[in-house]
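Have a look at upload-v3.cif; it's mmCIF, C-alpha atoms:
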data_data
#
loop_
_atom_site.label_atom_id
_atom_site.label_comp_id
_atom_site.auth_asym_id
_atom_site.auth_seq_id
_atom_site.Cartn_x
_atom_site.Cartn_y
_atom_site.Cartn_z
CA MET Y 1039 7.57 -11.25 -25.95
CA PRO Y 1040 6.06 -12.85 -22.83
CA THR Y 1041 9.50 -13.55 -21.35
CA LEU Y 1042 10.69 -9.96 -21.72
CA ARG Y 1043 7.40 -8.71 -20.36
CA ARG Y 1044 7.77 -10.80 -17.20
CA TYR Y 1045 11.37 -9.67 -16.66
CA SER Y 1046 10.41 -6.04 -17.20
CA TYR Y 1047 7.57 -6.33 -14.68
CA VAL Y 1048 9.98 -7.74 -12.09
CA ALA Y 1049 12.43 -4.89 -12.69
CA PHE Y 1050 9.57 -2.39 -12.48
CA GLY Y 1051 8.41 -3.72 -9.12
CA VAL Y 1052 11.91 -3.62 -7.66
CA ALA Y 1053 12.49 -0.11 -9.04
CA CYS Y 1054 9.30 1.18 -7.41
CA ALA Y 1055 10.21 -0.38 -4.06
CA HIS Y 1056 13.72 1.05 -4.29
CA LEU Y 1057 12.46 4.55 -5.08
CA VAL Y 1058 9.92 4.54 -2.26
CA PHE Y 1059 12.51 3.21 0.17
CA GLY Y 1060 14.85 5.99 -0.91
CA ALA Y 1061 12.16 8.48 0.06
CA ILE Y 1062 11.95 6.82 3.49
CA VAL Y 1063 15.73 7.20 3.84
CA ARG Y 1064 15.50 10.94 3.19
CA ILE Y 1065 12.48 11.62 5.38
CA SER Y 1066 13.78 9.58 8.31
CA GLY Y 1067 17.26 11.10 8.08
CA SER Y 1068 18.89 7.70 7.64
CA GLY Y 1069 21.13 8.67 4.74
CA MET Y 1070 24.22 8.52 6.94
CA GLY Y 1071 23.16 5.34 8.73
CA CYS Y 1072 26.36 3.65 7.54
CA GLY Y 1073 28.52 6.70 8.08
CA ASP Y 1074 30.69 7.68 5.12
CA HIS Y 1075 31.39 4.05 4.23
CA TRP Y 1076 30.46 2.80 0.76
CA PRO Y 1077 29.80 0.20 -0.58
CA ARG Y 1078 30.38 -1.52 2.75
CA CYS Y 1079 28.58 -0.44 5.88
CA TYR Y 1080 31.17 0.04 8.62
CA GLY Y 1081 33.47 -2.40 6.88
CA SER Y 1082 30.91 -5.16 6.28
CA PHE Y 1083 28.28 -5.95 3.67
CA PHE Y 1084 26.17 -7.50 6.42
CA PRO Y 1085 26.61 -5.27 9.49
CA PRO Y 1086 24.86 -5.92 12.80
CA LEU Y 1087 21.34 -4.50 12.60
CA ASN Y 1088 21.43 -2.66 15.90
CA ARG Y 1089 20.19 0.82 14.88
CA PRO Y 1090 17.05 1.90 12.98
CA ASP Y 1091 18.91 4.33 10.70
CA LEU Y 1092 21.46 1.65 9.83
CA ILE Y 1093 18.71 -0.85 9.06
CA ILE Y 1094 16.94 1.61 6.73
CA GLU Y 1095 20.14 2.63 4.92
CA VAL Y 1096 21.54 -0.85 4.44
CA SER Y 1097 18.12 -2.13 3.27
CA HIS Y 1098 18.09 0.63 0.69
CA ARG Y 1099 21.49 -0.53 -0.55
CA TYR Y 1100 20.35 -4.14 -0.72
CA LEU Y 1101 17.36 -3.09 -2.83
CA ALA Y 1102 19.69 -1.13 -5.12
CA SER Y 1103 21.80 -4.27 -5.66
CA ILE Y 1104 18.70 -6.36 -6.43
CA LEU Y 1105 17.47 -3.70 -8.84
CA LEU Y 1106 20.76 -3.56 -10.72
CA LEU Y 1107 20.82 -7.35 -10.95
CA SER Y 1108 17.25 -7.44 -12.33
CA LEU Y 1109 18.12 -4.79 -14.91
CA VAL Y 1110 21.15 -6.76 -16.09
CA VAL Y 1111 19.03 -9.91 -16.39
CA LEU Y 1112 16.45 -7.97 -18.42
CA PHE Y 1113 19.14 -6.60 -20.72
CA VAL Y 1114 20.65 -10.05 -21.30
CA ALA Y 1115 17.21 -11.49 -22.06
CA ALA Y 1116 16.49 -8.66 -24.50
CA TRP Y 1117 19.86 -9.27 -26.18
CA ARG Y 1118 19.07 -12.95 -26.62
CA HIS Y 1119 15.65 -12.11 -28.14
CA ARG Y 1120 16.88 -9.15 -30.19
CA ALA Y 1121 15.85 -10.80 -33.46
CA GLU Y 1122 12.18 -10.90 -32.41
CA PRO Y 1123 9.84 -8.04 -33.37
CA GLY Y 1124 9.74 -5.39 -30.66
CA ALA Y 1125 12.92 -6.57 -28.94
CA GLY Y 1126 15.71 -5.06 -31.03
CA GLY Y 1127 15.93 -1.93 -33.14
CA PRO Y 1128 14.36 1.49 -32.57
CA GLY Y 1129 11.53 1.36 -30.05
CA GLY Y 1130 12.62 -2.07 -28.84
CA VAL Y 1131 13.14 -3.45 -25.37
CA LEU Y 1132 16.89 -3.87 -25.88
CA ARG Y 1133 17.70 -0.17 -26.13
CA SER Y 1134 15.57 0.94 -23.20
CA SER Y 1135 16.90 -1.88 -21.02
CA ALA Y 1136 20.46 -0.84 -21.87
CA LEU Y 1137 19.64 2.73 -20.86
CA ALA Y 1138 18.12 1.43 -17.62
CA VAL Y 1139 21.33 -0.43 -16.77
CA ALA Y 1140 23.36 2.73 -17.43
CA LEU Y 1141 21.04 4.79 -15.22
CA GLY Y 1142 21.21 2.13 -12.51
CA VAL Y 1143 25.01 2.33 -12.43
CA SER Y 1144 24.82 6.14 -12.43
CA ALA Y 1145 22.38 6.12 -9.51
CA ALA Y 1146 24.71 3.85 -7.55
CA LEU Y 1147 27.70 6.13 -8.16
CA LEU Y 1148 25.68 9.19 -7.19
CA GLY Y 1149 24.61 7.37 -4.04
CA ALA Y 1150 28.27 6.85 -3.19
CA MET Y 1151 28.94 10.53 -3.86
CA THR Y 1152 26.05 11.50 -1.59
CA VAL Y 1153 27.51 9.41 1.24
CA LYS Y 1154 31.02 10.77 0.77
CA LEU Y 1155 29.75 14.37 0.73
CA GLY Y 1156 27.89 13.90 3.99
CA ASN Y 1157 24.39 13.75 2.44
CA ALA Y 1158 24.65 17.21 0.85
CA PRO Y 1159 21.29 18.55 -0.45
CA LEU Y 1160 22.43 19.04 -4.08
CA ALA Y 1161 24.05 15.61 -4.26
CA THR Y 1162 20.93 14.04 -2.77
CA LEU Y 1163 18.75 15.89 -5.27
CA ALA Y 1164 20.87 14.66 -8.18
CA HIS Y 1165 20.68 11.10 -6.85
CA TRP Y 1166 16.90 11.40 -6.48
CA THR Y 1167 16.46 12.78 -10.02
CA VAL Y 1168 18.49 10.00 -11.62
CA ALA Y 1169 16.51 7.43 -9.63
CA MET Y 1170 13.27 8.87 -10.99
CA SER Y 1171 14.70 8.80 -14.51
CA LEU Y 1172 15.59 5.17 -13.94
CA VAL Y 1173 12.08 4.13 -12.91
CA ALA Y 1174 10.66 6.05 -15.89
CA THR Y 1175 12.99 4.15 -18.23
CA VAL Y 1176 11.83 0.88 -16.72
CA VAL Y 1177 8.21 1.95 -17.28
CA ALA Y 1178 9.04 2.64 -20.93
CA THR Y 1179 10.62 -0.81 -21.16
CA VAL Y 1180 7.50 -2.46 -19.76
CA ILE Y 1181 5.32 -0.61 -22.28
CA ARG Y 1182 7.65 -1.56 -25.14
CA ALA Y 1183 7.36 -5.19 -24.03
CA GLY Y 1184 3.57 -4.90 -24.29
CA GLY Y 1185 2.77 -4.41 -20.61
CA LEU Y 1186 0.76 -1.66 -18.92
CA GLY Y 1187 -1.49 -1.45 -21.98
CA GLY Y 1188 1.39 -0.99 -24.41
CA ALA Y 1189 0.21 -3.70 -26.82
CA ALA Y 1190 -3.35 -2.36 -27.04
CA THR Y 1191 -2.49 1.32 -27.32
CA ARG Y 1192 -0.35 0.74 -30.42
CA LEU Y 1193 -3.50 -0.22 -32.30
CA ARG Y 1194 -5.34 3.02 -31.54
CA GLU Y 1195 -4.03 6.42 -32.51
CA VAL Y 1196 -4.63 9.57 -30.46
CA SER Y 1197 -4.47 13.18 -31.54
CA GLY Y 1198 -1.39 15.36 -31.38
CA LYS Y 1199 -3.15 17.59 -28.86
CA THR Y 1200 -3.52 14.66 -26.48
CA LYS Y 1201 0.13 13.73 -26.89
CA ARG Y 1202 1.25 17.28 -26.13
CA GLY Y 1203 -1.07 17.50 -23.12
CA THR Y 1204 0.21 14.29 -21.58
CA LEU Y 1205 3.80 15.40 -22.17
CA VAL Y 1206 3.15 18.66 -20.34
CA GLY Y 1207 1.59 16.71 -17.47
CA ALA Y 1208 4.66 14.48 -17.17
CA ALA Y 1209 6.94 17.55 -17.18
CA ILE Y 1210 4.94 19.20 -14.38
CA ALA Y 1211 4.96 15.97 -12.39
CA LEU Y 1212 8.73 15.70 -12.77
CA LEU Y 1213 9.24 19.25 -11.52
CA ALA Y 1214 6.85 18.71 -8.62
CA VAL Y 1215 8.58 15.53 -7.48
CA VAL Y 1216 12.08 17.02 -7.87
CA VAL Y 1217 11.10 20.09 -5.86
CA GLY Y 1218 9.46 17.73 -3.37
CA GLY Y 1219 12.80 15.99 -2.91
CA LEU Y 1220 14.44 19.38 -2.43
CA THR Y 1221 11.76 20.29 0.11
CA ALA Y 1222 12.62 17.18 2.13
CA LYS Y 1223 16.35 18.04 2.17
CA TYR Y 1224 16.48 21.85 2.25
CA PRO Y 1225 16.88 23.10 5.84
CA GLY Y 1226 13.50 24.18 7.20
CA ALA Y 1227 11.59 23.74 3.92
CA SER Y 1228 9.51 20.79 5.11
CA VAL Y 1229 8.12 22.81 8.05
CA ALA Y 1230 8.11 26.23 6.41
CA CYS Y 1231 4.32 26.29 5.96
CA PRO Y 1232 2.45 25.17 9.07
CA SER Y 1233 -0.99 25.56 7.46
CA PHE Y 1234 -2.86 23.99 4.55
CA PRO Y 1235 -3.93 24.96 1.93
CA LEU Y 1236 -2.55 28.39 2.84
CA CYS Y 1237 1.06 28.60 3.95
CA GLY Y 1238 0.84 30.45 7.24
CA THR Y 1239 3.96 31.76 8.93
CA ASN Y 1240 6.82 30.07 10.70
CA PRO Y 1241 9.28 32.57 12.19
CA ASP Y 1242 11.87 29.86 12.80
CA VAL Y 1243 12.67 29.25 9.11
CA GLN Y 1244 14.30 31.38 6.44
CA GLY Y 1245 12.48 32.96 3.53
CA ALA Y 1246 14.19 30.70 0.99
CA ALA Y 1247 12.74 27.64 2.71
CA VAL Y 1248 9.26 29.16 2.43
CA HIS Y 1249 9.79 29.75 -1.30
CA VAL Y 1250 10.82 26.14 -1.82
CA GLN Y 1251 7.71 24.89 -0.02
CA LEU Y 1252 5.40 27.26 -1.92
CA THR Y 1253 6.93 26.27 -5.26
CA HIS Y 1254 6.26 22.64 -4.48
CA ARG Y 1255 2.64 23.37 -3.57
CA VAL Y 1256 1.98 25.50 -6.65
CA LEU Y 1257 3.39 22.81 -8.93
CA ALA Y 1258 1.25 20.17 -7.21
CA VAL Y 1259 -1.95 22.19 -7.65
CA LEU Y 1260 -1.12 22.97 -11.30
CA LEU Y 1261 -0.51 19.28 -11.92
CA VAL Y 1262 -3.88 18.25 -10.48
CA LEU Y 1263 -5.69 20.92 -12.51
CA HIS Y 1264 -3.88 19.87 -15.67
CA LEU Y 1265 -4.69 16.20 -15.09
CA PHE Y 1266 -8.32 17.12 -14.53
CA GLY Y 1267 -8.37 18.88 -17.89
CA LEU Y 1268 -6.82 15.84 -19.58
CA PHE Y 1269 -9.36 13.55 -17.94
CA MET Y 1270 -12.33 15.65 -19.05
CA ALA Y 1271 -10.97 15.91 -22.60
CA GLN Y 1272 -10.53 12.15 -22.81
CA ARG Y 1273 -14.03 11.55 -21.47
CA LYS Y 1274 -15.42 13.87 -24.13
CA HIS Y 1275 -13.51 12.58 -27.15
CA ARG Y 1276 -12.84 8.98 -26.01
CA GLU Y 1277 -9.87 8.57 -28.32
CA SER Y 1278 -8.49 5.54 -26.48
CA PRO Y 1279 -9.77 3.55 -23.47
CA ILE Y 1280 -6.18 2.92 -22.35
CA ILE Y 1281 -5.36 6.64 -22.31
CA LEU Y 1282 -8.60 7.41 -20.46
CA ARG Y 1283 -7.82 4.78 -17.83
CA ALA Y 1284 -4.27 6.09 -17.37
CA ALA Y 1285 -5.54 9.67 -17.04
CA THR Y 1286 -8.09 8.52 -14.44
CA ILE Y 1287 -5.39 6.81 -12.37
CA ALA Y 1288 -3.08 9.83 -12.55
CA LEU Y 1289 -5.86 12.24 -11.53
CA SER Y 1290 -6.96 10.00 -8.66
CA LEU Y 1291 -3.40 9.86 -7.34
CA GLY Y 1292 -3.13 13.64 -7.63
CA VAL Y 1293 -6.27 14.19 -5.55
CA LEU Y 1294 -5.06 11.60 -3.02
CA GLN Y 1295 -1.75 13.43 -2.78
CA LEU Y 1296 -3.49 16.68 -1.85
CA LEU Y 1297 -5.49 14.90 0.83
CA VAL Y 1298 -2.38 13.21 2.24
CA ALA Y 1299 -0.53 16.55 2.26
CA GLY Y 1300 -3.36 18.21 4.17
CA ALA Y 1301 -3.48 15.37 6.70
CA MET Y 1302 0.29 15.38 7.08
CA ILE Y 1303 0.36 19.09 7.95
CA GLY Y 1304 -2.89 19.29 9.90
CA MET Y 1305 -2.37 16.11 11.95
CA HIS Y 1306 1.43 16.47 12.33
CA LEU Y 1307 2.12 12.91 11.23
CA PRO Y 1308 5.38 11.24 12.29
CA PRO Y 1309 8.17 10.79 9.70
CA VAL Y 1310 7.31 7.14 9.04
CA LEU Y 1311 3.73 8.04 8.05
CA ARG Y 1312 4.88 11.16 6.26
CA SER Y 1313 6.73 8.90 3.85
CA LEU Y 1314 3.30 8.04 2.44
CA HIS Y 1315 3.23 11.54 0.96
CA GLU Y 1316 6.42 11.00 -0.98
CA ALA Y 1317 5.41 7.47 -1.97
CA THR Y 1318 2.22 8.91 -3.47
CA GLY Y 1319 4.32 11.51 -5.28
CA VAL Y 1320 6.42 8.74 -6.78
CA SER Y 1321 3.24 6.98 -7.90
CA ILE Y 1322 2.03 10.19 -9.58
CA TRP Y 1323 5.30 10.50 -11.47
CA ILE Y 1324 5.05 6.90 -12.64
CA ALA Y 1325 1.40 7.32 -13.66
CA THR Y 1326 1.92 10.58 -15.56
CA PHE Y 1327 5.00 9.28 -17.34
CA ALA Y 1328 3.18 6.07 -18.30
CA LEU Y 1329 0.29 8.20 -19.58
CA ALA Y 1330 2.63 10.33 -21.71
CA TYR Y 1331 4.53 7.35 -23.08
CA LEU Y 1332 1.35 5.42 -23.90
CA ALA Y 1333 0.10 8.46 -25.83
CA ARG Y 1334 3.45 8.75 -27.59
CA VAL Y 1335 3.51 5.14 -28.87
CA SER Y 1336 -0.18 5.09 -29.78
CA GLY Y 1337 -0.73 4.20 -33.40
CA ASP Y 1338 2.72 2.62 -33.85
CA GLY Y 1339 0.94 -0.58 -34.81
CA HIS Y 1340 -0.66 1.31 -37.72
CA GLY Y 1341 -3.87 1.91 -35.85
CA VAL Y 1342 -6.51 4.44 -36.86
CA ARG Y 1343 -8.21 7.12 -34.84
CA GLU Y 1344 -11.70 6.20 -36.01
CA PRO Y 1345 -13.05 3.16 -37.81
CA ARG Y 1346 -13.74 3.95 -41.44
CA VAL Y 1347 -16.28 2.12 -43.60
CA ALA Y 1348 -15.41 1.76 -47.25
CA ILE Y 1349 -18.21 2.79 -49.64
CA GLU Y 1350 -18.42 0.54 -52.66
CA PRO Y 1351 -19.14 2.32 -55.95
CA LYS Y 1352 -22.47 1.50 -57.50
CA GLU Y 1353 -22.46 -0.29 -60.83
CA PRO Y 1354 -23.94 1.73 -63.71
CA LYS Y 1355 -27.38 0.70 -64.71
CA GLU Y 1356 -27.93 -0.83 -68.13
CA PRO Y 1357 -29.91 1.25 -70.62
CA TRP Y 1358 -33.57 0.46 -71.07
CA GLN Y 1359 -34.13 -2.15 -73.73
CA THR Y 1360 -37.93 -2.45 -73.81
CA SER Y 1361 -40.97 -0.46 -72.90
CA ALA Y 1362 -41.51 -2.84 -69.94
CA ASP Y 1363 -38.12 -1.79 -68.50
CA LEU Y 1364 -39.07 1.84 -68.88
CA SER Y 1365 -42.42 1.24 -67.15
CA ARG Y 1366 -40.68 -0.55 -64.25
CA ALA Y 1367 -38.14 2.26 -63.86
CA VAL Y 1368 -40.89 4.86 -63.89
CA GLY Y 1369 -42.76 2.93 -61.20
CA GLU Y 1370 -39.67 2.63 -58.94
CA SER Y 1371 -38.90 6.35 -59.19
CA ASP Y 1372 -42.40 7.33 -58.21
CA ASN Y 1373 -41.29 8.26 -54.66
CA ARG Y 1374 -38.27 10.25 -55.80
CA THR Y 1375 -39.64 12.38 -58.61
CA SER Y 1376 -42.34 14.98 -58.82
CA SER Y 1377 -45.63 14.53 -60.62
CA LEU Y 1378 -44.59 16.64 -63.62
CA PRO Y 1379 -41.59 14.50 -64.70
CA LEU Y 1380 -43.67 11.39 -64.05
CA ALA Y 1381 -46.44 12.59 -66.33
CA ALA Y 1382 -43.88 13.40 -69.03
CA ALA Y 1383 -42.40 9.91 -68.74
CA LYS Y 1384 -45.83 8.33 -69.08
CA ARG Y 1385 -46.57 10.43 -72.18
CA SER Y 1386 -43.30 9.28 -73.69
CA LEU Y 1387 -44.21 5.69 -72.93
CA SER Y 1388 -47.66 6.11 -74.56
CA THR Y 1389 -46.14 7.70 -77.67
CA MET Y 1390 -43.53 4.96 -77.96
CA SER Y 1391 -46.22 2.24 -77.63
CA HIS Y 1392 -48.37 3.95 -80.27
CA SER Y 1393 -45.43 4.19 -82.70
CA VAL Y 1394 -44.60 0.54 -82.24
CA ALA Y 1395 -48.26 -0.41 -82.90
CA VAL Y 1396 -48.37 1.64 -86.14
CA ILE Y 1397 -45.16 0.08 -87.41
CA VAL Y 1398 -46.43 -3.42 -86.70
CA ALA Y 1399 -49.79 -2.68 -88.40
CA ARG Y 1400 -48.10 -1.34 -91.55
CA GLY Y 1401 -45.86 -4.36 -91.64
CA ALA Y 1402 -48.92 -6.59 -91.53
CA ASP Y 1403 -50.52 -4.66 -94.44
CA VAL Y 1404 -47.43 -5.12 -96.54
#
Take the structure in the file and write it out as C-alpha cells.
Amino acid sequence: MPTLRRYSYVAFGVACAHLVFGAIVRISGSGMGCGDHWPRCYGSFFPPLNRPDLIIEVSHRYLASILLLSLVVLFVAAWRHRAEPGAGGPGGVLRSSALAVALGVSAALLGAMTVKLGNAPLATLAHWTVAMSLVATVVATVIRAGGLGGAATRLREVSGKTKRGTLVGAAIALLAVVVGGLTAKYPGASVACPSFPLCGTNPDVQGAAVHVQLTHRVLAVLLVLHLFGLFMAQRKHRESPIILRAATIALSLGVLQLLVAGAMIGMHLPPVLRSLHEATGVSIWIATFALAYLARVSGDGHGVREPRVAIEPKEPKEPWQTSADLSRAVGESDNRTSSLPLAAAKRSLSTMSHSVAVIVARGADV
C-alpha cells in the first residue's frame, strides 16, 4: 500500500499544521478575525489581508479546506484499492479514512457554529476536541497503511499490561489537552497561576479560573509520570523496539512541555511564543495516541512475543545386538553413571562373554 501510505502522510502533515494553527488562533484571540461571517470572510473568500487577526483566521480556514480536500483524496484512493489487503474490511485504511472525512466535515460545521456564537468557550472547546479526534483518526489511518512503524509492530506482540498502560496514557493526554484548550478560553484561567511549579495567587481572577489552571497542571504532571513508568517498563522488558521508541518520544515531549510551561510563566512570553506550549501539547497527544494504537495493533500480523525454538524428539536407540555394542555403550556412559552401575555392567559383559565361549567350545566338541 505505498500509494495509500503517501496519501495518509500528506493528510497527517496537513492535519498537524491545521491543529497547531488553530491553537494560534485561540491564543492570539483571532477567532473573530472575520467577524461572524462564514464561510466567507467579510463577503469574500480572498479578503484584503490588512489586519493580523484576519490573516490568522483566514489562513486557518484555508488550511481547513486543504485538509478536507486531502482527506477526500485519501478516501477515494482507499476506495479504489479496497480489494488489496489492509485497504478494505475491518482494520483497513478505507474505514478510518471515511471516519476522518466525517470528522473533518463535523469540525468545519463546529467552526461555523463557533463563529456564529461569537467564539463562545464551550463551542470553541467542542471544536477543539473534534479537531483532536480528527488528527488521531488520521494517525490511525497512517498506522493502518503501514506508516509510523505500523507494518513492523504487527509482527511483534506486546502484553496486555502494556496495551492497557498505553491506553491510560492516551486518555490522560486527551484530558490534559482538552483542559488546556479550556484554559486558553476560560476568562482568567491562563493567568490564574503566576508562579511555577506552584500556583501562587492572582487576586484579579476568580476561583473557578484557578481550578481550571490547577486541573490542567495536575493532569500534565500525572501524564509525565505515567509516561516515565511506561518508558521504564519497556526498557526492562523490551517487548517491542517500536513501542519503546514511541514511549521515548512521548516522554521527551512531556518533559519538554513542562520546561516550556515554566519558561512561559517565568519569562512572560508573548502570545506568539506561547503558542509553542500548545503546539507541544498537540504533539504529546499525537505521540501518546500513536503509542496506544501501535500497542493495540501489535501482533495482528500473527507475531509472537518471544522467539520459540522447536525441540526435535530424539529417535529411540536400537537395542544392543552384540557384546561390542554393549561395551561401546558402557564406555560412552562412563561420565554419566556412577562406578557401581559401571562395575555391574562390566560383570554382565564378562559373564556373557564366558557363556558364549562355553557354548562355542561345546559345539566344537560335538
Minimum-distance residue to Leu1212 of chain Y, chosen among Y:Leu1087, Y:Leu1155, Y:Val1243, Y:Ile1324 (using all atoms listed in the file):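 The answer is Y:Ile1324, which sits nearest to Leu1212 of chain Y.
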Within 9 Å of file point (9.9, -6.2, -14.6), counting all atoms listed in the file, expressed as a list in words: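 Those residues, ordered by chain and then number, are Leu1042, Arg1043, Arg1044, Tyr1045, Ser1046, Tyr1047, Val1048, Ala1049, Phe1050, Gly1051, Val1052, Ala1053, Ser1108, Leu1109, Leu1112, Val1176, Val1177, Thr1179 and Val1180 of chain Y.
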Selection result for the PyMOL selection byres ((chain Y and resi 1213-1225) around 6) on this file, as a list in words: Pro1159, Ile1210, Ala1211, Leu1212, Gly1226, Ala1227, Ser1228, His1254, Leu1257 and Ala1258 of chain Y
Residues near Arg1182 of chain Y, cut-off 7 Å, all atoms listed in the file, skip fewer than 2 positions along chain, as a PyMOL selection string: chain Y and resi 1129-1131+1178-1180+1184+1188
The selected residues should be written to file as a JSON list (two decimals), in the coordinates of the input (atoms: C-alpha atoms).
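Heads up, here's the output in part06.json:
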[["chain", "number", "residue", "atom", "x", "y", "z"],
["Y", 1129, "GLY", "CA", 11.53, 1.36, -30.05],
["Y", 1130, "GLY", "CA", 12.62, -2.07, -28.84],
["Y", 1131, "VAL", "CA", 13.14, -3.45, -25.37],
["Y", 1178, "ALA", "CA", 9.04, 2.64, -20.93],
["Y", 1179, "THR", "CA", 10.62, -0.81, -21.16],
["Y", 1180, "VAL", "CA", 7.50, -2.46, -19.76],
["Y", 1184, "GLY", "CA", 3.57, -4.90, -24.29],
["Y", 1188, "GLY", "CA", 1.39, -0.99, -24.41]]
Hits of the PyMOL selection byres ((chain Y and resi 1299-1301) around 12) in this structure, as JSON, numbers by chain: {"Y": [1218, 1228, 1231, 1232, 1233, 1234, 1235, 1236, 1237, 1251, 1254, 1255, 1258, 1259, 1292, 1293, 1294, 1295, 1296, 1297, 1298, 1302, 1303, 1304, 1305, 1306, 1307, 1308, 1311, 1312, 1313, 1314, 1315, 1316, 1317, 1318, 1319]}
Within-12 Å shell of (29.6, 4.7, 2.5) in input frame, all atoms listed in the file, as an MDAnalysis selection string: chainID Y and resid 1069:1083 1092 1095:1096 1099 1146:1157
Counting all atoms listed in the file, the option among Y:Leu1282, Y:Val1320, Y:Leu1106, Y:Val1143 closest to Phe1059 of chain Y: Y:Val1320
Hits of the PyMOL selection byres ((chain Y and resi 1166) around 10) in this structure, as a PyMOL selection string: chain Y and resi 1057+1060-1061+1064+1145+1148-1149+1160-1165+1167-1172+1215-1216+1219-1220
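The nearest approach to Ile1104 of chain Y among the residues Y:His1119, Y:His1056, Y:Arg1133, Y:Arg1089, with only C-alpha atoms taken into account, belongs to Y:His1056.
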Å distance separating atom CA of Leu1141 of chain Y from atom CA of Thr1326 of chain Y, one decimal place: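 Straight-line distance from atom CA of Leu1141 of chain Y to atom CA of Thr1326 of chain Y works out to 20.0 Å.
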Top pick for closest residue to Gly1337 of chain Y, considering Y:Arg1194, Y:His1275, Y:Arg1120, Y:His1098 and counting only C-alpha atoms: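 Result for the nearest residue to Gly1337 of chain Y: Y:Arg1194.
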Point-to-point distance in Å for atom CA of Arg1334 of chain Y and atom CA of Glu1122 of chain Y: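 Between atom CA of Glu1122 of chain Y and atom CA of Arg1334 of chain Y the gap is 22.0 Å.
The spacing separating atom CA of Val1335 of chain Y from atom CA of Ala1115 of chain Y amounts to 22.6 Å.
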Nearest candidate to Ala1209 of chain Y (options Y:Thr1191, Y:Ala1125, Y:Leu1265, Y:Val1250; using all atoms listed in the file): Y:Leu1265
All file atoms of segment 1242-1255 of chain Y boxed axis-aligned, 5 Å per side, centre plus edges, as AutoDock Vina command-line options:
--center_x 8.5 --center_y 27.8 --center_z 3.8 --size_x 21.7 --size_y 20.3 --size_z 28.1
